$ cat entry19.pdb   # PDB, N, CA and C atoms, pLDDT in the B column
MODEL        1
ATOM      1  N   MET A  15       0.850  -1.180   0.000  1.00 86.00           N
ATOM      2  CA  MET A  15       0.000   0.000   0.000  1.00 86.00           C
ATOM      3  C   MET A  15       0.896   1.244   0.000  1.00 86.00           C
ATOM      4  N   THR A  16       0.590   2.165  -0.888  1.00 93.00           N
ATOM      5  CA  THR A  16       1.384   3.388  -0.956  1.00 93.00           C
ATOM      6  C   THR A  16       0.904   4.390   0.092  1.00 93.00           C
ATOM      7  N   LYS A  17       1.718   5.407   0.292  1.00 93.00           N
ATOM      8  CA  LYS A  17       1.354   6.468   1.222  1.00 93.00           C
ATOM      9  C   LYS A  17       0.045   7.129   0.790  1.00 93.00           C
ATOM     10  N   ASN A  18      -0.100   7.393  -0.506  1.00 95.00           N
ATOM     11  CA  ASN A  18      -1.326   8.026  -1.006  1.00 95.00           C
ATOM     12  C   ASN A  18      -2.550   7.139  -0.794  1.00 95.00           C
ATOM     13  N   ASP A  19      -2.382   5.819  -0.963  1.00 96.00           N
ATOM     14  CA  ASP A  19      -3.492   4.890  -0.709  1.00 96.00           C
ATOM     15  C   ASP A  19      -3.945   4.972   0.739  1.00 96.00           C
ATOM     16  N   LEU A  20      -2.974   4.990   1.645  1.00 97.00           N
ATOM     17  CA  LEU A  20      -3.290   5.040   3.071  1.00 97.00           C
ATOM     18  C   LEU A  20      -3.959   6.359   3.438  1.00 97.00           C
ATOM     19  N   VAL A  21      -3.459   7.458   2.899  1.00 97.00           N
ATOM     20  CA  VAL A  21      -4.072   8.769   3.156  1.00 97.00           C
ATOM     21  C   VAL A  21      -5.507   8.797   2.631  1.00 97.00           C
ATOM     22  N   THR A  22      -5.736   8.215   1.461  1.00 97.00           N
ATOM     23  CA  THR A  22      -7.084   8.141   0.891  1.00 97.00           C
ATOM     24  C   THR A  22      -8.020   7.344   1.792  1.00 97.00           C
ATOM     25  N   LEU A  23      -7.531   6.207   2.306  1.00 98.00           N
ATOM     26  CA  LEU A  23      -8.338   5.401   3.230  1.00 98.00           C
ATOM     27  C   LEU A  23      -8.661   6.173   4.506  1.00 98.00           C
ATOM     28  N   ILE A  24      -7.684   6.889   5.025  1.00 98.00           N
ATOM     29  CA  ILE A  24      -7.883   7.696   6.240  1.00 98.00           C
ATOM     30  C   ILE A  24      -8.948   8.759   5.992  1.00 98.00           C
ATOM     31  N   GLU A  25      -8.845   9.458   4.877  1.00 98.00           N
ATOM     32  CA  GLU A  25      -9.823  10.507   4.564  1.00 98.00           C
ATOM     33  C   GLU A  25     -11.225   9.929   4.383  1.00 98.00           C
ATOM     34  N   LYS A  26     -11.325   8.771   3.728  1.00 98.00           N
ATOM     35  CA  LYS A  26     -12.622   8.123   3.520  1.00 98.00           C
ATOM     36  C   LYS A  26     -13.221   7.690   4.857  1.00 98.00           C
ATOM     37  N   LYS A  27     -12.413   7.069   5.709  1.00 98.00           N
ATOM     38  CA  LYS A  27     -12.911   6.611   7.008  1.00 98.00           C
ATOM     39  C   LYS A  27     -13.313   7.793   7.883  1.00 98.00           C
ATOM     40  N   ARG A  28     -12.561   8.887   7.824  1.00 98.00           N
ATOM     41  CA  ARG A  28     -12.902  10.078   8.607  1.00 98.00           C
ATOM     42  C   ARG A  28     -14.253  10.627   8.156  1.00 98.00           C
ATOM     43  N   ALA A  29     -14.484  10.686   6.854  1.00 98.00           N
ATOM     44  CA  ALA A  29     -15.765  11.178   6.326  1.00 98.00           C
ATOM     45  C   ALA A  29     -16.906  10.256   6.743  1.00 98.00           C
ATOM     46  N   GLU A  30     -16.674   8.939   6.698  1.00 97.00           N
ATOM     47  CA  GLU A  30     -17.696   7.984   7.125  1.00 97.00           C
ATOM     48  C   GLU A  30     -18.010   8.168   8.607  1.00 97.00           C
ATOM     49  N   LEU A  31     -16.984   8.358   9.419  1.00 97.00           N
ATOM     50  CA  LEU A  31     -17.179   8.554  10.858  1.00 97.00           C
ATOM     51  C   LEU A  31     -18.002   9.805  11.125  1.00 97.00           C
ATOM     52  N   ILE A  32     -17.681  10.887  10.450  1.00 97.00           N
ATOM     53  CA  ILE A  32     -18.426  12.133  10.644  1.00 97.00           C
ATOM     54  C   ILE A  32     -19.892  11.936  10.273  1.00 97.00           C
ATOM     55  N   SER A  33     -20.132  11.298   9.158  1.00 98.00           N
ATOM     56  CA  SER A  33     -21.500  11.064   8.706  1.00 98.00           C
ATOM     57  C   SER A  33     -22.287  10.201   9.698  1.00 98.00           C
ATOM     58  N   VAL A  34     -21.671   9.123  10.150  1.00 97.00           N
ATOM     59  CA  VAL A  34     -22.331   8.223  11.099  1.00 97.00           C
ATOM     60  C   VAL A  34     -22.567   8.925  12.439  1.00 97.00           C
ATOM     61  N   ALA A  35     -21.584   9.710  12.875  1.00 97.00           N
ATOM     62  CA  ALA A  35     -21.720  10.414  14.154  1.00 97.00           C
ATOM     63  C   ALA A  35     -22.846  11.440  14.104  1.00 97.00           C
ATOM     64  N   ILE A  36     -22.995  12.114  12.972  1.00 97.00           N
ATOM     65  CA  ILE A  36     -24.082  13.088  12.828  1.00 97.00           C
ATOM     66  C   ILE A  36     -25.433  12.377  12.866  1.00 97.00           C
ATOM     67  N   THR A  37     -25.504  11.231  12.202  1.00 97.00           N
ATOM     68  CA  THR A  37     -26.766  10.492  12.108  1.00 97.00           C
ATOM     69  C   THR A  37     -27.103   9.747  13.399  1.00 97.00           C
ATOM     70  N   ASN A  38     -26.102   9.052  13.970  1.00 97.00           N
ATOM     71  CA  ASN A  38     -26.365   8.141  15.087  1.00 97.00           C
ATOM     72  C   ASN A  38     -25.790   8.583  16.428  1.00 97.00           C
ATOM     73  N   GLY A  39     -24.998   9.634  16.442  1.00 97.00           N
ATOM     74  CA  GLY A  39     -24.369  10.093  17.672  1.00 97.00           C
ATOM     75  C   GLY A  39     -22.970   9.524  17.828  1.00 97.00           C
ATOM     76  N   LEU A  40     -22.139  10.265  18.549  1.00 94.00           N
ATOM     77  CA  LEU A  40     -20.743   9.863  18.734  1.00 94.00           C
ATOM     78  C   LEU A  40     -20.576   8.582  19.534  1.00 94.00           C
ATOM     79  N   THR A  41     -21.554   8.254  20.363  1.00 96.00           N
ATOM     80  CA  THR A  41     -21.413   7.067  21.207  1.00 96.00           C
ATOM     81  C   THR A  41     -22.136   5.844  20.643  1.00 96.00           C
ATOM     82  N   SER A  42     -22.639   5.956  19.420  1.00 97.00           N
ATOM     83  CA  SER A  42     -23.285   4.792  18.813  1.00 97.00           C
ATOM     84  C   SER A  42     -22.246   3.720  18.520  1.00 97.00           C
ATOM     85  N   SER A  43     -22.686   2.481  18.467  1.00 97.00           N
ATOM     86  CA  SER A  43     -21.753   1.378  18.243  1.00 97.00           C
ATOM     87  C   SER A  43     -21.063   1.503  16.879  1.00 97.00           C
ATOM     88  N   VAL A  44     -21.781   2.001  15.884  1.00 97.00           N
ATOM     89  CA  VAL A  44     -21.190   2.160  14.553  1.00 97.00           C
ATOM     90  C   VAL A  44     -20.116   3.249  14.583  1.00 97.00           C
ATOM     91  N   ALA A  45     -20.409   4.367  15.235  1.00 97.00           N
ATOM     92  CA  ALA A  45     -19.435   5.458  15.323  1.00 97.00           C
ATOM     93  C   ALA A  45     -18.186   5.004  16.079  1.00 97.00           C
ATOM     94  N   ILE A  46     -18.370   4.243  17.130  1.00 97.00           N
ATOM     95  CA  ILE A  46     -17.224   3.738  17.888  1.00 97.00           C
ATOM     96  C   ILE A  46     -16.385   2.806  17.029  1.00 97.00           C
ATOM     97  N   ARG A  47     -17.041   1.925  16.278  1.00 97.00           N
ATOM     98  CA  ARG A  47     -16.304   1.010  15.394  1.00 97.00           C
ATOM     99  C   ARG A  47     -15.526   1.787  14.328  1.00 97.00           C
ATOM    100  N   TYR A  48     -16.174   2.767  13.710  1.00 98.00           N
ATOM    101  CA  TYR A  48     -15.494   3.568  12.687  1.00 98.00           C
ATOM    102  C   TYR A  48     -14.334   4.349  13.303  1.00 98.00           C
ATOM    103  N   SER A  49     -14.536   4.843  14.503  1.00 97.00           N
ATOM    104  CA  SER A  49     -13.469   5.566  15.190  1.00 97.00           C
ATOM    105  C   SER A  49     -12.269   4.651  15.450  1.00 97.00           C
ATOM    106  N   GLN A  50     -12.536   3.437  15.859  1.00 98.00           N
ATOM    107  CA  GLN A  50     -11.460   2.474  16.084  1.00 98.00           C
ATOM    108  C   GLN A  50     -10.741   2.127  14.783  1.00 98.00           C
ATOM    109  N   GLU A  51     -11.501   1.998  13.696  1.00 98.00           N
ATOM    110  CA  GLU A  51     -10.890   1.713  12.395  1.00 98.00           C
ATOM    111  C   GLU A  51     -10.023   2.891  11.948  1.00 98.00           C
ATOM    112  N   LEU A  52     -10.509   4.116  12.170  1.00 98.00           N
ATOM    113  CA  LEU A  52      -9.728   5.298  11.838  1.00 98.00           C
ATOM    114  C   LEU A  52      -8.459   5.358  12.680  1.00 98.00           C
ATOM    115  N   ASP A  53      -8.584   5.062  13.962  1.00 97.00           N
ATOM    116  CA  ASP A  53      -7.403   5.021  14.838  1.00 97.00           C
ATOM    117  C   ASP A  53      -6.366   4.038  14.307  1.00 97.00           C
ATOM    118  N   HIS A  54      -6.821   2.878  13.883  1.00 97.00           N
ATOM    119  CA  HIS A  54      -5.908   1.870  13.353  1.00 97.00           C
ATOM    120  C   HIS A  54      -5.173   2.398  12.117  1.00 97.00           C
ATOM    121  N   LEU A  55      -5.911   3.024  11.216  1.00 97.00           N
ATOM    122  CA  LEU A  55      -5.291   3.578  10.009  1.00 97.00           C
ATOM    123  C   LEU A  55      -4.298   4.687  10.350  1.00 97.00           C
ATOM    124  N   LEU A  56      -4.676   5.560  11.286  1.00 96.00           N
ATOM    125  CA  LEU A  56      -3.770   6.637  11.691  1.00 96.00           C
ATOM    126  C   LEU A  56      -2.522   6.086  12.373  1.00 96.00           C
ATOM    127  N   ASN A  57      -2.685   5.067  13.202  1.00 94.00           N
ATOM    128  CA  ASN A  57      -1.530   4.438  13.847  1.00 94.00           C
ATOM    129  C   ASN A  57      -0.606   3.811  12.814  1.00 94.00           C
ATOM    130  N   GLU A  58      -1.181   3.176  11.813  1.00 94.00           N
ATOM    131  CA  GLU A  58      -0.389   2.567  10.752  1.00 94.00           C
ATOM    132  C   GLU A  58       0.387   3.638   9.982  1.00 94.00           C
ATOM    133  N   TYR A  59      -0.281   4.728   9.656  1.00 94.00           N
ATOM    134  CA  TYR A  59       0.393   5.825   8.959  1.00 94.00           C
ATOM    135  C   TYR A  59       1.559   6.340   9.799  1.00 94.00           C
ATOM    136  N   HIS A  60       1.292   6.566  11.064  1.00 92.00           N
ATOM    137  CA  HIS A  60       2.321   7.077  11.969  1.00 92.00           C
ATOM    138  C   HIS A  60       3.478   6.092  12.078  1.00 92.00           C
ATOM    139  N   ARG A  61       3.164   4.814  12.193  1.00 89.00           N
ATOM    140  CA  ARG A  61       4.201   3.788  12.328  1.00 89.00           C
ATOM    141  C   ARG A  61       5.086   3.727  11.083  1.00 89.00           C
ATOM    142  N   VAL A  62       4.460   3.759   9.920  1.00 89.00           N
ATOM    143  CA  VAL A  62       5.205   3.569   8.668  1.00 89.00           C
ATOM    144  C   VAL A  62       5.905   4.852   8.226  1.00 89.00           C
ATOM    145  N   TYR A  63       5.226   5.971   8.328  1.00 89.00           N
ATOM    146  CA  TYR A  63       5.747   7.201   7.689  1.00 89.00           C
ATOM    147  C   TYR A  63       6.283   8.250   8.663  1.00 89.00           C
ATOM    148  N   ILE A  64       6.024   8.099   9.940  1.00 88.00           N
ATOM    149  CA  ILE A  64       6.467   9.131  10.879  1.00 88.00           C
ATOM    150  C   ILE A  64       7.573   8.627  11.795  1.00 88.00           C
ATOM    151  N   LYS A  65       7.255   7.676  12.643  1.00 79.00           N
ATOM    152  CA  LYS A  65       8.197   7.264  13.686  1.00 79.00           C
ATOM    153  C   LYS A  65       9.024   6.048  13.353  1.00 79.00           C
ATOM    154  N   LYS A  66       8.529   5.207  12.463  1.00 62.00           N
ATOM    155  CA  LYS A  66       9.213   3.964  12.145  1.00 62.00           C
ATOM    156  C   LYS A  66       9.355   3.055  13.363  1.00 62.00           C
ATOM    157  N   ILE A  67       8.302   3.006  14.185  1.00 56.00           N
ATOM    158  CA  ILE A  67       8.333   2.127  15.347  1.00 56.00           C
ATOM    159  C   ILE A  67       7.889   0.731  14.920  1.00 56.00           C
ATOM    160  N   PRO A  68       8.303  -0.305  15.617  1.00 62.00           N
ATOM    161  CA  PRO A  68       7.905  -1.675  15.261  1.00 62.00           C
ATOM    162  C   PRO A  68       6.394  -1.855  15.342  1.00 62.00           C
ATOM    163  N   SER A  69       5.827  -2.653  14.449  1.00 63.00           N
ATOM    164  CA  SER A  69       4.384  -2.848  14.427  1.00 63.00           C
ATOM    165  C   SER A  69       3.884  -3.556  15.687  1.00 63.00           C
ATOM    166  N   SER A  70       4.741  -4.310  16.361  1.00 63.00           N
ATOM    167  CA  SER A  70       4.325  -4.996  17.589  1.00 63.00           C
ATOM    168  C   SER A  70       4.013  -4.010  18.710  1.00 63.00           C
ATOM    169  N   ALA A  71       4.485  -2.789  18.611  1.00 57.00           N
ATOM    170  CA  ALA A  71       4.240  -1.785  19.648  1.00 57.00           C
ATOM    171  C   ALA A  71       2.873  -1.137  19.511  1.00 57.00           C
ATOM    172  N   CYS A  72       2.190  -1.331  18.387  1.00 54.00           N
ATOM    173  CA  CYS A  72       0.884  -0.687  18.163  1.00 54.00           C
ATOM    174  C   CYS A  72      -0.229  -1.432  18.795  1.00 54.00           C
TER     175      CYS A  72
ENDMDL
END

$ encode --input "entry19.pdb" --output "structure tokens"
Amino acid sequence: MTKNDLVTLIEKKRAELISVAITNGLTSSVAIRYSQELDHLLNEYHRVYIKKIPSSAC
């Protein structure tokens, strides 16, 4: 996966989270799941492109 692919996924997941949160609330199970998925993508971006920390630390 390229850096641009990962950034695109992050932007898409962020937009989905915002939409779900507006519709169902920030504490809905769907919003929480999307938030966790976004966190995972952001952690991956940070691991690969920012800090270069081992994936086992995430």

$ resolve_selection --input "entry19.pdb" --expression "the PyMOL selection byres ((chain A and resi 43-51) around 8)" --output "PyMOL selection string"
chain A and resi 24+27-28+30-36+38-42+52-57

$ axis_aligned_box --input "entry19.pdb" --around "region 58-63 of chain A" --padding-each-side "3 Å" --output "AutoDock Vina command-line options"
--center_x 2.6 --center_y 5.4 --center_z 10.0 --size_x 13.5 --size_y 11.7 --size_z 10.6

$ atom_distance --input "entry19.pdb" --atom1 "atom N of Thr22 (chain A)" --atom2 "atom C of Thr37 (chain A)"
24.5 Å

$ atom_distance --input "entry19.pdb" --atom1 "CA of Lys26 (chain A)" --atom2 "CA of Val62 (chain A)"
19.1 Å

$ atom_distance --input "entry19.pdb" --atom1 "atom C of Met15 (chain A)" --atom2 "atom N of Ala29 (chain A)"
19.3 Å

$ build_atoms --input "entry19.pdb" --residues "region 39-50 of chain A" --atoms "all heavy atoms" --output "PDB file, in the frame of the given file"
ATOM      1  N   GLY A  39     -24.998   9.634  16.442  1.00 97.00           N
ATOM      2  CA  GLY A  39     -24.369  10.093  17.672  1.00 97.00           C
ATOM      3  C   GLY A  39     -22.970   9.524  17.828  1.00 97.00           C
ATOM      4  O   GLY A  39     -22.649   8.454  17.305  1.00 97.00           O
ATOM      5  N   LEU A  40     -22.139  10.265  18.549  1.00 94.00           N
ATOM      6  CA  LEU A  40     -20.743   9.863  18.734  1.00 94.00           C
ATOM      7  C   LEU A  40     -20.576   8.582  19.534  1.00 94.00           C
ATOM      8  O   LEU A  40     -19.566   7.902  19.398  1.00 94.00           O
ATOM      9  CB  LEU A  40     -19.957  10.986  19.428  1.00 94.00           C
ATOM     10  CG  LEU A  40     -19.550  12.156  18.548  1.00 94.00           C
ATOM     11  CD1 LEU A  40     -18.954  13.266  19.391  1.00 94.00           C
ATOM     12  CD2 LEU A  40     -18.580  11.717  17.474  1.00 94.00           C
ATOM     13  N   THR A  41     -21.554   8.254  20.363  1.00 96.00           N
ATOM     14  CA  THR A  41     -21.413   7.067  21.207  1.00 96.00           C
ATOM     15  C   THR A  41     -22.136   5.844  20.643  1.00 96.00           C
ATOM     16  O   THR A  41     -22.198   4.815  21.313  1.00 96.00           O
ATOM     17  CB  THR A  41     -21.921   7.354  22.630  1.00 96.00           C
ATOM     18  OG1 THR A  41     -23.290   7.760  22.554  1.00 96.00           O
ATOM     19  CG2 THR A  41     -21.090   8.434  23.302  1.00 96.00           C
ATOM     20  N   SER A  42     -22.639   5.956  19.420  1.00 97.00           N
ATOM     21  CA  SER A  42     -23.285   4.792  18.813  1.00 97.00           C
ATOM     22  C   SER A  42     -22.246   3.720  18.520  1.00 97.00           C
ATOM     23  O   SER A  42     -21.056   4.005  18.347  1.00 97.00           O
ATOM     24  CB  SER A  42     -23.999   5.185  17.515  1.00 97.00           C
ATOM     25  OG  SER A  42     -23.059   5.528  16.515  1.00 97.00           O
ATOM     26  N   SER A  43     -22.686   2.481  18.467  1.00 97.00           N
ATOM     27  CA  SER A  43     -21.753   1.378  18.243  1.00 97.00           C
ATOM     28  C   SER A  43     -21.063   1.503  16.879  1.00 97.00           C
ATOM     29  O   SER A  43     -19.881   1.187  16.745  1.00 97.00           O
ATOM     30  CB  SER A  43     -22.457   0.031  18.368  1.00 97.00           C
ATOM     31  OG  SER A  43     -23.497  -0.081  17.415  1.00 97.00           O
ATOM     32  N   VAL A  44     -21.781   2.001  15.884  1.00 97.00           N
ATOM     33  CA  VAL A  44     -21.190   2.160  14.553  1.00 97.00           C
ATOM     34  C   VAL A  44     -20.116   3.249  14.583  1.00 97.00           C
ATOM     35  O   VAL A  44     -19.030   3.074  14.029  1.00 97.00           O
ATOM     36  CB  VAL A  44     -22.274   2.490  13.505  1.00 97.00           C
ATOM     37  CG1 VAL A  44     -21.668   2.735  12.139  1.00 97.00           C
ATOM     38  CG2 VAL A  44     -23.306   1.383  13.441  1.00 97.00           C
ATOM     39  N   ALA A  45     -20.409   4.367  15.235  1.00 97.00           N
ATOM     40  CA  ALA A  45     -19.435   5.458  15.323  1.00 97.00           C
ATOM     41  C   ALA A  45     -18.186   5.004  16.079  1.00 97.00           C
ATOM     42  O   ALA A  45     -17.062   5.331  15.685  1.00 97.00           O
ATOM     43  CB  ALA A  45     -20.051   6.683  15.994  1.00 97.00           C
ATOM     44  N   ILE A  46     -18.370   4.243  17.130  1.00 97.00           N
ATOM     45  CA  ILE A  46     -17.224   3.738  17.888  1.00 97.00           C
ATOM     46  C   ILE A  46     -16.385   2.806  17.029  1.00 97.00           C
ATOM     47  O   ILE A  46     -15.153   2.900  17.010  1.00 97.00           O
ATOM     48  CB  ILE A  46     -17.687   3.058  19.187  1.00 97.00           C
ATOM     49  CG1 ILE A  46     -18.256   4.115  20.148  1.00 97.00           C
ATOM     50  CG2 ILE A  46     -16.544   2.277  19.836  1.00 97.00           C
ATOM     51  CD1 ILE A  46     -18.969   3.558  21.345  1.00 97.00           C
ATOM     52  N   ARG A  47     -17.041   1.925  16.278  1.00 97.00           N
ATOM     53  CA  ARG A  47     -16.304   1.010  15.394  1.00 97.00           C
ATOM     54  C   ARG A  47     -15.526   1.787  14.328  1.00 97.00           C
ATOM     55  O   ARG A  47     -14.354   1.515  14.080  1.00 97.00           O
ATOM     56  CB  ARG A  47     -17.248   0.005  14.749  1.00 97.00           C
ATOM     57  CG  ARG A  47     -16.489  -1.054  13.939  1.00 97.00           C
ATOM     58  CD  ARG A  47     -17.390  -2.128  13.357  1.00 97.00           C
ATOM     59  NE  ARG A  47     -18.115  -1.606  12.207  1.00 97.00           N
ATOM     60  CZ  ARG A  47     -19.434  -1.489  12.132  1.00 97.00           C
ATOM     61  NH1 ARG A  47     -20.204  -1.870  13.123  1.00 97.00           N
ATOM     62  NH2 ARG A  47     -20.011  -1.002  11.051  1.00 97.00           N
ATOM     63  N   TYR A  48     -16.174   2.767  13.710  1.00 98.00           N
ATOM     64  CA  TYR A  48     -15.494   3.568  12.687  1.00 98.00           C
ATOM     65  C   TYR A  48     -14.334   4.349  13.303  1.00 98.00           C
ATOM     66  O   TYR A  48     -13.284   4.489  12.679  1.00 98.00           O
ATOM     67  CB  TYR A  48     -16.473   4.520  12.008  1.00 98.00           C
ATOM     68  CG  TYR A  48     -17.351   3.891  10.959  1.00 98.00           C
ATOM     69  CD1 TYR A  48     -17.584   2.524  10.926  1.00 98.00           C
ATOM     70  CD2 TYR A  48     -17.968   4.659   9.988  1.00 98.00           C
ATOM     71  CE1 TYR A  48     -18.401   1.951   9.967  1.00 98.00           C
ATOM     72  CE2 TYR A  48     -18.785   4.100   9.018  1.00 98.00           C
ATOM     73  CZ  TYR A  48     -18.999   2.739   9.019  1.00 98.00           C
ATOM     74  OH  TYR A  48     -19.799   2.185   8.065  1.00 98.00           O
ATOM     75  N   SER A  49     -14.536   4.843  14.503  1.00 97.00           N
ATOM     76  CA  SER A  49     -13.469   5.566  15.190  1.00 97.00           C
ATOM     77  C   SER A  49     -12.269   4.651  15.450  1.00 97.00           C
ATOM     78  O   SER A  49     -11.109   5.055  15.261  1.00 97.00           O
ATOM     79  CB  SER A  49     -13.995   6.139  16.510  1.00 97.00           C
ATOM     80  OG  SER A  49     -12.956   6.783  17.203  1.00 97.00           O
ATOM     81  N   GLN A  50     -12.536   3.437  15.859  1.00 98.00           N
ATOM     82  CA  GLN A  50     -11.460   2.474  16.084  1.00 98.00           C
ATOM     83  C   GLN A  50     -10.741   2.127  14.783  1.00 98.00           C
ATOM     84  O   GLN A  50      -9.509   2.012  14.754  1.00 98.00           O
ATOM     85  CB  GLN A  50     -12.005   1.209  16.744  1.00 98.00           C
ATOM     86  CG  GLN A  50     -12.449   1.429  18.167  1.00 98.00           C
ATOM     87  CD  GLN A  50     -13.219   0.261  18.744  1.00 98.00           C
ATOM     88  OE1 GLN A  50     -13.774  -0.566  18.018  1.00 98.00           O
ATOM     89  NE2 GLN A  50     -13.267   0.203  20.069  1.00 98.00           N
TER      90      GLN A  50
END
